[in-house]
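File shown: target-v4.cif (mmCIF, C-alpha atoms and all ligand atoms).
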```cif
data_entry
#
loop_
_atom_site.label_atom_id
_atom_site.label_comp_id
_atom_site.auth_asym_id
_atom_site.auth_seq_id
_atom_site.Cartn_x
_atom_site.Cartn_y
_atom_site.Cartn_z
CA MET A 10 -48.81 53.31 -117.89
CA LYS A 11 -48.44 53.41 -121.67
CA SER A 12 -46.57 50.92 -123.84
CA LEU A 13 -47.10 49.22 -127.17
CA ASP A 14 -47.45 45.65 -125.84
CA LEU A 15 -50.10 46.76 -123.31
CA GLN A 16 -52.01 48.65 -125.99
CA ILE A 17 -51.93 45.60 -128.27
CA LEU A 18 -53.07 43.27 -125.46
CA VAL A 19 -56.01 45.57 -124.57
CA SER A 20 -56.91 45.76 -128.27
CA PHE A 21 -57.04 41.96 -128.50
CA HIS A 22 -59.08 41.76 -125.29
CA LEU A 23 -61.53 44.30 -126.70
CA LEU A 24 -61.67 42.46 -130.03
CA PHE A 25 -62.62 39.17 -128.33
CA ALA A 26 -65.24 40.99 -126.26
CA ALA A 27 -66.64 42.74 -129.35
CA VAL A 28 -66.82 39.49 -131.35
CA PHE A 29 -68.60 37.66 -128.51
CA VAL A 30 -71.14 40.38 -127.67
CA GLY A 31 -71.64 41.44 -131.29
CA SER A 32 -72.26 37.96 -132.68
CA ASN A 33 -74.61 37.07 -129.82
CA VAL A 34 -76.62 40.28 -130.25
CA PHE A 35 -76.84 39.65 -134.01
CA LEU A 36 -77.97 36.05 -133.54
CA ASP A 37 -80.44 36.65 -130.73
CA PHE A 38 -81.99 39.99 -131.71
CA LEU A 39 -81.65 40.11 -135.51
CA LEU A 40 -81.29 36.71 -137.15
CA THR A 41 -83.39 34.38 -134.95
CA PRO A 42 -86.57 36.55 -134.99
CA ARG A 43 -86.40 36.76 -138.81
CA LEU A 44 -85.74 33.06 -139.48
CA ASP A 45 -89.48 32.47 -139.88
CA LEU A 46 -89.38 34.55 -143.09
CA ILE A 47 -87.77 31.66 -144.97
CA PRO A 48 -89.22 28.16 -145.54
CA PRO A 49 -88.79 25.84 -142.50
CA GLY A 50 -86.52 23.37 -144.33
CA GLN A 51 -84.12 26.13 -145.39
CA ALA A 52 -84.30 27.75 -141.95
CA ALA A 53 -83.34 24.44 -140.33
CA ARG A 54 -80.44 23.96 -142.76
CA LEU A 55 -79.22 27.53 -142.24
CA GLY A 56 -79.53 27.11 -138.45
CA ASP A 57 -77.56 23.87 -138.61
CA LYS A 58 -74.63 25.24 -140.66
CA LEU A 59 -74.60 28.70 -139.09
CA GLY A 60 -74.81 27.17 -135.60
CA THR A 61 -71.53 25.32 -136.14
CA ASP A 62 -69.70 28.43 -137.42
CA PHE A 63 -71.20 30.44 -134.58
CA ALA A 64 -70.06 27.90 -131.95
CA TRP A 65 -66.47 28.07 -133.29
CA LEU A 66 -66.48 31.88 -133.22
CA ASN A 67 -67.88 31.96 -129.69
CA TRP A 68 -65.35 29.46 -128.36
CA ILE A 69 -62.46 31.40 -129.91
CA ALA A 70 -63.71 34.62 -128.26
CA LEU A 71 -64.39 32.86 -124.94
CA LEU A 72 -60.90 31.36 -124.80
CA GLY A 73 -59.21 34.47 -126.16
CA SER A 74 -60.60 36.77 -123.46
CA PRO A 75 -59.00 35.04 -120.42
CA LEU A 76 -55.79 34.54 -122.39
CA SER A 77 -55.48 38.25 -123.22
CA GLY A 78 -56.96 39.21 -119.81
CA LEU A 79 -54.49 37.15 -117.79
CA LEU A 80 -51.58 38.38 -119.94
CA LEU A 81 -52.82 41.92 -119.27
CA LEU A 82 -52.87 41.26 -115.52
CA TRP A 83 -49.37 39.83 -115.67
CA ARG A 84 -48.13 42.79 -117.74
CA LEU A 85 -49.80 45.25 -115.33
CA GLY A 86 -48.04 43.52 -112.42
CA THR A 87 -51.34 42.50 -110.77
CA PHE A 88 -51.22 38.77 -111.55
CA SER A 89 -49.89 37.70 -108.12
CA SER A 90 -52.76 39.61 -106.40
CA LEU A 91 -55.16 36.94 -107.74
CA ALA A 92 -53.97 34.63 -104.94
CA ASP A 93 -54.58 37.26 -102.24
CA PRO A 94 -58.16 37.19 -100.83
CA SER A 95 -57.96 40.83 -99.65
CA PHE A 96 -57.47 41.91 -103.30
CA TYR A 97 -61.12 41.01 -104.01
CA VAL A 98 -62.48 43.51 -101.49
CA THR A 99 -60.86 46.41 -103.32
CA GLY A 100 -62.86 48.19 -106.05
CA TYR A 101 -60.47 46.86 -108.71
CA GLY A 102 -60.37 43.30 -107.35
CA ALA A 103 -64.17 43.10 -107.02
CA ALA A 104 -64.66 44.35 -110.59
CA LEU A 105 -62.12 41.84 -111.89
CA LEU A 106 -63.71 39.03 -109.89
CA SER A 107 -67.12 39.90 -111.39
CA MET A 108 -65.57 39.88 -114.88
CA MET A 109 -63.98 36.48 -114.33
CA THR A 110 -67.07 34.98 -112.65
CA ILE A 111 -69.38 36.04 -115.48
CA TRP A 112 -66.83 34.71 -117.98
CA LEU A 113 -66.98 31.35 -116.14
CA THR A 114 -70.79 31.28 -116.41
CA LEU A 115 -70.49 32.07 -120.14
CA MET A 116 -68.18 29.06 -120.49
CA VAL A 117 -70.80 26.89 -118.77
CA THR A 118 -73.64 28.11 -121.00
CA ALA A 119 -71.44 27.71 -124.10
CA ALA A 120 -70.64 24.11 -123.10
CA ILE A 121 -74.34 23.32 -122.49
CA LEU A 122 -75.33 24.94 -125.79
CA THR A 123 -72.64 23.26 -127.89
CA PHE A 124 -72.41 19.80 -126.38
CA TYR A 125 -75.86 19.18 -124.90
CA LEU A 126 -78.60 21.27 -126.49
CA ARG A 127 -77.40 21.70 -130.09
CA PRO A 128 -76.92 17.98 -130.83
CA ARG A 129 -80.46 17.40 -129.52
CA VAL A 130 -82.05 20.15 -131.60
CA VAL A 131 -80.31 19.09 -134.79
CA VAL A 132 -81.85 15.58 -134.75
CA LYS A 133 -81.12 13.28 -137.64
CA LEU A 134 -83.83 10.62 -137.90
CA PRO A 135 -83.37 7.42 -139.91
CA TYR A 136 -85.10 7.28 -143.33
CA ASP A 137 -87.59 4.68 -142.11
CA ALA A 138 -88.53 6.67 -138.95
CA THR A 139 -92.10 6.06 -137.79
CA ARG A 140 -94.64 8.88 -137.49
CA GLN A 141 -94.43 8.59 -133.68
CA GLN A 142 -90.64 8.93 -133.79
CA VAL A 143 -90.91 12.05 -135.96
CA GLU A 144 -93.58 13.66 -133.72
CA GLY A 145 -91.71 12.74 -130.53
CA SER A 146 -88.38 14.07 -131.71
CA ARG A 147 -90.03 17.28 -132.92
CA THR A 148 -91.60 18.01 -129.50
CA ASN A 149 -88.33 17.26 -127.69
CA ALA A 150 -86.33 19.35 -130.15
CA MET A 151 -88.73 22.26 -129.58
CA ASP A 152 -88.17 22.08 -125.80
CA TYR A 153 -84.41 22.03 -126.29
CA ALA A 154 -84.66 24.92 -128.79
CA LYS A 155 -86.56 26.94 -126.16
CA TRP A 156 -83.67 26.40 -123.75
CA MET A 157 -81.19 27.40 -126.43
CA LYS A 158 -83.06 30.70 -126.82
CA ARG A 159 -83.02 31.31 -123.06
CA LEU A 160 -79.29 30.65 -122.77
CA ALA A 161 -78.57 32.78 -125.86
CA ARG A 162 -80.46 35.66 -124.19
CA TYR A 163 -78.45 35.09 -120.99
CA ASN A 164 -75.22 35.28 -123.04
CA VAL A 165 -76.24 38.65 -124.49
CA ILE A 166 -77.20 40.16 -121.12
CA ALA A 167 -74.26 38.75 -119.12
CA SER A 168 -71.62 39.63 -121.72
CA SER A 169 -73.03 43.18 -122.02
CA ILE A 170 -72.70 43.53 -118.25
CA VAL A 171 -69.04 42.44 -118.57
CA ILE A 172 -68.49 45.30 -121.04
CA PHE A 173 -69.79 47.75 -118.40
CA ILE A 174 -67.53 46.16 -115.78
CA GLY A 175 -64.67 46.68 -118.28
CA GLY A 176 -65.58 50.37 -118.37
CA PHE A 177 -65.19 50.52 -114.57
CA LEU A 178 -61.94 48.51 -114.62
CA ARG A 179 -60.49 50.95 -117.13
CA PHE A 180 -60.59 53.66 -114.45
CA GLY A 181 -59.61 51.72 -111.33
CA GLY A 182 -62.58 49.39 -110.71
CA PHE A 183 -65.84 49.77 -108.78
CA PRO A 184 -66.14 53.04 -106.82
CA PHE A 185 -65.54 51.71 -103.31
C1 LIG A 201 -61.17 35.22 -117.21
C2 LIG A 201 -61.61 36.14 -118.05
C3 LIG A 201 -61.14 37.57 -118.08
C4 LIG A 201 -60.04 38.18 -117.48
C5 LIG A 201 -58.95 37.55 -116.63
C6 LIG A 201 -60.11 39.59 -117.82
C7 LIG A 201 -59.19 40.54 -117.41
C8 LIG A 201 -59.21 41.88 -117.74
C9 LIG A 201 -58.20 42.86 -117.37
C10 LIG A 201 -56.94 42.57 -116.56
C11 LIG A 201 -58.58 44.06 -117.88
C12 LIG A 201 -57.79 45.37 -117.81
C13 LIG A 201 -58.13 46.15 -116.59
C14 LIG A 201 -57.30 47.43 -116.50
O1 LIG A 201 -57.27 48.23 -117.45
O2 LIG A 201 -56.68 47.61 -115.44
C15 LIG A 201 -59.84 43.85 -118.56
C16 LIG A 201 -60.56 44.84 -119.21
C17 LIG A 201 -61.68 44.64 -119.96
N1 LIG A 201 -62.33 43.43 -120.17
FE1 LIG A 201 -61.78 41.64 -119.38
N2 LIG A 201 -61.21 39.80 -118.60
C18 LIG A 201 -61.86 38.61 -118.79
C19 LIG A 201 -63.01 38.39 -119.53
C20 LIG A 201 -63.67 39.37 -120.24
C21 LIG A 201 -64.84 39.13 -121.05
C22 LIG A 201 -65.54 37.78 -121.25
C23 LIG A 201 -65.19 40.34 -121.60
C24 LIG A 201 -66.35 40.69 -122.50
C25 LIG A 201 -67.20 39.89 -123.05
C26 LIG A 201 -64.24 41.34 -121.13
C27 LIG A 201 -64.28 42.69 -121.46
C28 LIG A 201 -63.39 43.64 -121.01
C29 LIG A 201 -63.45 45.06 -121.36
C30 LIG A 201 -64.47 45.72 -122.27
C31 LIG A 201 -62.38 45.68 -120.69
C32 LIG A 201 -62.01 47.17 -120.72
C33 LIG A 201 -60.73 47.37 -121.53
C34 LIG A 201 -60.15 48.76 -121.32
O3 LIG A 201 -60.64 49.70 -121.95
O4 LIG A 201 -59.24 48.90 -120.53
N3 LIG A 201 -63.34 40.71 -120.31
N4 LIG A 201 -60.20 42.52 -118.46
#
```
Take the structure I supplied and represent it as structure tokens, if you would.
Amino acid sequence: MKSLDLQILVSFHLLFAAVFVGSNVFLDFLLTPRLDLIPPGQAARLGDKLGTDFAWLNWIALLGSPLSGLLLLWRLGTFSSLADPSFYVTGYGAALLSMMTIWLTLMVTAAILTFYLRPRVVVKLPYDATRQQVEGSRTNAMDYAKWMKRLARYNVIASSIVIFIGGFLRFGGFPF
């Protein structure tokens, strides 16, 4: 099947996938390991500002992929199969289910990162904070930062797997 609207929809789907995987790989493998090359104060400020831009970009990609994906399904005439349980035991249905399930987990990690962990890592103490408050918040923030790193690594691995699943879907799904 070849038509302009389908080609444009696939292009958008690929663009969202590329933005998500690419930005996560850049952040996790390139930027984060090199942040210790700049003074801690500047690194914290960069992390704060960049983290917000990064969260916006990730959310746009995460919401754009199901939008373009579901439109693709509808355009391919497969949308109604989503309600049929036997669809998911076909090679195509199983591959699509894996793609959607991993996407759902990426939404969960993105929500935890944006709304739970990030606000706790970027702690703003009052000017008259005591030494204990400073020390305590630093240890907590370090624990949360560790979790942010773990989830960021999960995002890279899981979204890369989705790209491979996309490769299978392109030619009819998993080989069974
Ligand atoms: C609910 C979420 C999603 C839905 C409903 C969805 C749906 C689809 C559909 C219908 C296709 C076309 C299959 C075909 O050609 O027959 C596809 C392909 C693809 N998807 Fe997704 N997708 C979702 C999420 C994602 C995510 C999060 C990524 C990557 C991070 C991704 C990456 C890809 C790739 C690389 C392809 C291959 C495109 C091609 O060359 O045909 N998808 N997806």
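Atom to atom, atom C3 of ligand LIG 201 (chain A) and CA of Ser74 in chain A stand 5.5 Å apart.
CA of Leu55 in chain A lies 28.9 Å from CA of Leu23 in chain A.
Minimum atom-to-atom distances from A:Val131, A:Ile166, A:Ala119, A:Met157 to Ala70 in chain A were compared using only C-alpha atoms, and the lowest value belongs to A:Ala119.
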* For Val117 in chain A, which residue among A:Lys11, A:Pro42, A:Ala92, A:Tyr163 is the nearest when counting all atoms listed in the file? -> A:Tyr163
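Restricting the calculation to only C-alpha atoms and all ligand atoms, the smallest distance between ligand LIG 201 (chain A) and any of A:Ala150, A:Leu24, A:Ala161, A:Met109 is found for A:Met109.
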* Could the residues that lie within 9 Å of ligand LIG 201 (chain A), counting all atoms listed in the file, be listed as a ChimeraX atom specification? => /A:19-20,22-30,70-85,87-88,101,105-106,108-113,115,167-182
Restricted to C-alpha atoms, what would the selected residues look like written as a compact mmCIF listing (two decimals), keeping the file's coordinate frame?
```txt
# COMPACT_ATOMS: atom_id res chain seq x y z
CA VAL A 19 -56.01 45.57 -124.57
CA SER A 20 -56.91 45.76 -128.27
CA HIS A 22 -59.08 41.76 -125.29
CA LEU A 23 -61.53 44.30 -126.70
CA LEU A 24 -61.67 42.46 -130.03
CA PHE A 25 -62.62 39.17 -128.33
CA ALA A 26 -65.24 40.99 -126.26
CA ALA A 27 -66.64 42.74 -129.35
CA VAL A 28 -66.82 39.49 -131.35
CA PHE A 29 -68.60 37.66 -128.51
CA VAL A 30 -71.14 40.38 -127.67
CA ALA A 70 -63.71 34.62 -128.26
CA LEU A 71 -64.39 32.86 -124.94
CA LEU A 72 -60.90 31.36 -124.80
CA GLY A 73 -59.21 34.47 -126.16
CA SER A 74 -60.60 36.77 -123.46
CA PRO A 75 -59.00 35.04 -120.42
CA LEU A 76 -55.79 34.54 -122.39
CA SER A 77 -55.48 38.25 -123.22
CA GLY A 78 -56.96 39.21 -119.81
CA LEU A 79 -54.49 37.15 -117.79
CA LEU A 80 -51.58 38.38 -119.94
CA LEU A 81 -52.82 41.92 -119.27
CA LEU A 82 -52.87 41.26 -115.52
CA TRP A 83 -49.37 39.83 -115.67
CA ARG A 84 -48.13 42.79 -117.74
CA LEU A 85 -49.80 45.25 -115.33
CA THR A 87 -51.34 42.50 -110.77
CA PHE A 88 -51.22 38.77 -111.55
CA TYR A 101 -60.47 46.86 -108.71
CA LEU A 105 -62.12 41.84 -111.89
CA LEU A 106 -63.71 39.03 -109.89
CA MET A 108 -65.57 39.88 -114.88
CA MET A 109 -63.98 36.48 -114.33
CA THR A 110 -67.07 34.98 -112.65
CA ILE A 111 -69.38 36.04 -115.48
CA TRP A 112 -66.83 34.71 -117.98
CA LEU A 113 -66.98 31.35 -116.14
CA LEU A 115 -70.49 32.07 -120.14
CA ALA A 167 -74.26 38.75 -119.12
CA SER A 168 -71.62 39.63 -121.72
CA SER A 169 -73.03 43.18 -122.02
CA ILE A 170 -72.70 43.53 -118.25
CA VAL A 171 -69.04 42.44 -118.57
CA ILE A 172 -68.49 45.30 -121.04
CA PHE A 173 -69.79 47.75 -118.40
CA ILE A 174 -67.53 46.16 -115.78
CA GLY A 175 -64.67 46.68 -118.28
CA GLY A 176 -65.58 50.37 -118.37
CA PHE A 177 -65.19 50.52 -114.57
CA LEU A 178 -61.94 48.51 -114.62
CA ARG A 179 -60.49 50.95 -117.13
CA PHE A 180 -60.59 53.66 -114.45
CA GLY A 181 -59.61 51.72 -111.33
CA GLY A 182 -62.58 49.39 -110.71
```
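Proximity of A:Phe21, A:Gly50, A:Pro184, A:Val165 to Val34 in chain A, computed with only C-alpha atoms, is greatest for A:Val165.
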What would the file be for range 47-68 of chain A if you keep C-alpha atoms and write it as a PDB file, in the first residue's frame?
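decode11.pdb, freshly written:
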```
ATOM      1  CA  ILE A  47      32.312  21.907  34.577  1.00  0.00           C
ATOM      2  CA  PRO A  48      32.091  23.461  38.079  1.00  0.00           C
ATOM      3  CA  PRO A  49      29.321  21.908  40.241  1.00  0.00           C
ATOM      4  CA  GLY A  50      27.296  25.140  40.500  1.00  0.00           C
ATOM      5  CA  GLN A  51      27.204  25.568  36.727  1.00  0.00           C
ATOM      6  CA  ALA A  52      26.505  21.856  36.215  1.00  0.00           C
ATOM      7  CA  ALA A  53      23.520  22.088  38.580  1.00  0.00           C
ATOM      8  CA  ARG A  54      22.201  25.183  36.795  1.00  0.00           C
ATOM      9  CA  LEU A  55      22.651  23.581  33.369  1.00  0.00           C
ATOM     10  CA  GLY A  56      20.969  20.382  34.612  1.00  0.00           C
ATOM     11  CA  ASP A  57      18.054  22.403  35.982  1.00  0.00           C
ATOM     12  CA  LYS A  58      17.383  24.407  32.793  1.00  0.00           C
ATOM     13  CA  LEU A  59      18.213  21.613  30.352  1.00  0.00           C
ATOM     14  CA  GLY A  60      16.083  19.161  32.357  1.00  0.00           C
ATOM     15  CA  THR A  61      12.981  21.293  31.788  1.00  0.00           C
ATOM     16  CA  ASP A  62      13.584  21.612  28.020  1.00  0.00           C
ATOM     17  CA  PHE A  63      14.343  17.902  27.870  1.00  0.00           C
ATOM     18  CA  ALA A  64      11.116  16.990  29.709  1.00  0.00           C
ATOM     19  CA  TRP A  65       9.060  19.058  27.218  1.00  0.00           C
ATOM     20  CA  LEU A  66      10.770  17.413  24.236  1.00  0.00           C
ATOM     21  CA  ASN A  67      10.262  13.927  25.682  1.00  0.00           C
ATOM     22  CA  TRP A  68       6.585  14.507  26.430  1.00  0.00           C
TER      23      TRP A  68
END
```
